[in-house]
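**Q** Dropping the structure in here first, questions after.
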Amino acid sequence: MTLLSVEHVGKTHWVGPYEKRVLVDVSLSMHSGDLFGVWGAQRSGKSTLLRIAAGLETADSGAVRFDGTDLASLPKTRRDRLRLEEIGLVQREGPHSSAFNVLDWVANPLFNHYTRRVARNRALAMLRRVDVAECRDARWHQLSDGERTLVSLAHGLVREPRLLLVDDPTAGLDTLQQQEVTELLRAVTGEEQIAVLMTSSVLSAITEAHEAFTLSDGRLIPVTDASRPGAEVIEFPRGDQQTGS
């Protein structure tokens, strides 16, 4: 059964007195074990797409279904519970309080379900899984950009979601770090059999995805994955060009 279905979604934002079409007739369908990558320039609508998929924003048109249920039809309390238990949205924002060290922030989503000891043990295991266990006692401001990305992924994965939405995890990272992050997401997708939808402003970051798209002028367009056998370049639709971030 389809886990995430985005069906002809449209979204418009107002920028001062001007109307901007952010998403235009966007559709995609994901199953457990899928890793999808969406490339786009800054302010192309990538974050809006993820927020709508997470139920944090409502589309102006179309529908978003999670496990067959239209998110817009659910009360806010049910959507909030889905994000706590089944849908993880990863944004590299960090804890709101400097009182949290890395371990306690990663464990925080579990404190309502487990004892403090069990939650912290599970959080430490996840930090080891993403290879940043040495940061357990650090504060957010002490972390490098690469460490913040991996800690944010641990925070999203620790609750064992069925769907993980990852907002531009490769931003600000060097080429090696970008590769490590995308390889980690591909491994997690296969091992945990979760669906992962990631966005990136770095074109090369999405070549590890099972399916890759570009978001241009609000439209989501499939592209050729350069990492697949026989593919030498990513082919853009006419008029689209690689611009980076």
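Ordering of the structure tokens sets the chain letters (A, B, ...); residue numbers start at 1 within each chain; ligands are numbered from 1 in the order shown.
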Give me the residues near stretch 123-132 of chain A as a PyMOL selection string, where near means some atom within 12 Å (using only C-alpha atoms) and where sequence neighbours in that chain fewer than 2 positions away do not count.
**A** chain A and resi 101-111+114+116-121+134-138+143-144+146-160+180-185+187-188+191
**Q** Store the residues of this selection in a file with C-alpha atoms, as a PDB file, in the first residue's frame.
**A**
```pdb
ATOM      1  CA  ASN A 101      22.880  18.590  25.596  1.00  0.00           C
ATOM      2  CA  VAL A 102      22.859  16.483  22.428  1.00  0.00           C
ATOM      3  CA  LEU A 103      21.916  13.228  24.151  1.00  0.00           C
ATOM      4  CA  ASP A 104      18.922  14.660  25.987  1.00  0.00           C
ATOM      5  CA  TRP A 105      17.683  16.535  22.916  1.00  0.00           C
ATOM      6  CA  VAL A 106      17.765  13.365  20.795  1.00  0.00           C
ATOM      7  CA  ALA A 107      16.057  11.459  23.630  1.00  0.00           C
ATOM      8  CA  ASN A 108      13.427  14.162  24.179  1.00  0.00           C
ATOM      9  CA  PRO A 109      10.769  12.680  21.811  1.00  0.00           C
ATOM     10  CA  LEU A 110      10.868   9.449  23.858  1.00  0.00           C
ATOM     11  CA  PHE A 111      10.500  10.847  27.369  1.00  0.00           C
ATOM     12  CA  TYR A 114       9.877   5.462  28.185  1.00  0.00           C
ATOM     13  CA  ARG A 116      14.521   8.523  31.246  1.00  0.00           C
ATOM     14  CA  ARG A 117      17.149   5.787  31.338  1.00  0.00           C
ATOM     15  CA  VAL A 118      15.619   3.800  28.484  1.00  0.00           C
ATOM     16  CA  ALA A 119      15.053   6.938  26.388  1.00  0.00           C
ATOM     17  CA  ARG A 120      18.653   8.062  26.811  1.00  0.00           C
ATOM     18  CA  ASN A 121      19.969   4.570  25.982  1.00  0.00           C
ATOM     19  CA  GLU A 134      31.173  11.479  20.736  1.00  0.00           C
ATOM     20  CA  CYS A 135      28.916  14.574  20.652  1.00  0.00           C
ATOM     21  CA  ARG A 136      26.551  13.256  23.333  1.00  0.00           C
ATOM     22  CA  ASP A 137      27.535  15.813  25.986  1.00  0.00           C
ATOM     23  CA  ALA A 138      27.993  18.781  23.648  1.00  0.00           C
ATOM     24  CA  LEU A 143      28.684  21.391  16.916  1.00  0.00           C
ATOM     25  CA  SER A 144      29.997  21.726  13.373  1.00  0.00           C
ATOM     26  CA  GLY A 146      28.164  18.242   9.662  1.00  0.00           C
ATOM     27  CA  GLU A 147      27.571  17.213  13.272  1.00  0.00           C
ATOM     28  CA  ARG A 148      24.375  19.260  13.437  1.00  0.00           C
ATOM     29  CA  THR A 149      23.049  17.476  10.369  1.00  0.00           C
ATOM     30  CA  LEU A 150      23.753  14.027  11.807  1.00  0.00           C
ATOM     31  CA  VAL A 151      22.408  14.906  15.263  1.00  0.00           C
ATOM     32  CA  SER A 152      19.211  16.244  13.633  1.00  0.00           C
ATOM     33  CA  LEU A 153      18.847  12.974  11.739  1.00  0.00           C
ATOM     34  CA  ALA A 154      19.272  11.040  14.995  1.00  0.00           C
ATOM     35  CA  HIS A 155      16.575  13.218  16.577  1.00  0.00           C
ATOM     36  CA  GLY A 156      14.220  12.400  13.696  1.00  0.00           C
ATOM     37  CA  LEU A 157      15.020   8.685  13.536  1.00  0.00           C
ATOM     38  CA  VAL A 158      14.977   7.870  17.237  1.00  0.00           C
ATOM     39  CA  ARG A 159      11.178   7.726  17.348  1.00  0.00           C
ATOM     40  CA  GLU A 160      11.258   5.085  14.548  1.00  0.00           C
ATOM     41  CA  GLU A 180      28.168  10.521   3.924  1.00  0.00           C
ATOM     42  CA  VAL A 181      24.737  11.985   4.665  1.00  0.00           C
ATOM     43  CA  THR A 182      23.093  10.679   1.500  1.00  0.00           C
ATOM     44  CA  GLU A 183      24.670   7.232   1.925  1.00  0.00           C
ATOM     45  CA  LEU A 184      23.399   7.151   5.506  1.00  0.00           C
ATOM     46  CA  LEU A 185      19.866   8.007   4.398  1.00  0.00           C
ATOM     47  CA  ALA A 187      21.197   2.738   4.253  1.00  0.00           C
ATOM     48  CA  VAL A 188      18.554   3.697   6.821  1.00  0.00           C
ATOM     49  CA  GLU A 191      17.558  -1.349   6.761  1.00  0.00           C
TER      50      GLU A 191
END
```
**Q** Extract the full set of strand (DSSP E or B) residues from chain A according to DSSP on the backbone, and format it as a VMD selection string.
**A** chain A and resid 4 to 15 18 to 30 35 to 39 61 to 66 69 to 70 87 to 90 163 to 166 195 to 200 211 to 216 219 to 223
**Q** Just the alpha helix (DSSP H) stuff from chain A, please, per backbone DSSP, written as a VMD selection string.
**A** chain A and resid 46 to 53 76 to 85 102 to 107 116 to 129 145 to 157 175 to 192
**Q** Give the answer as one residue: which of A:Asp168, A:Thr214, A:Ala63, A:Leu4 has the shortest atom-to-atom distance to A:Gly33, using only C-alpha atoms?
**A**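 Result for the nearest residue to A:Gly33: A:Leu4.
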**Q** Give me the residues near A:His141 as a ChimeraX atom specification, where near means some atom within 10 Å (using only C-alpha atoms) and where sequence neighbours in that chain fewer than 4 positions away do not count.
**A** /A:94,98,145,148
**Q** Write out the residues from the selection above, keeping C-alpha atoms, as a JSON list (two decimals), in the first residue's frame.
**A**
```json
[["chain", "number", "residue", "atom", "x", "y", "z"],
["A", 94, "GLY", "CA", 18.38, 22.26, 17.07],
["A", 98, "SER", "CA", 20.54, 25.70, 25.52],
["A", 145, "ASP", "CA", 27.56, 21.93, 10.44],
["A", 148, "ARG", "CA", 24.38, 19.26, 13.44]]
```
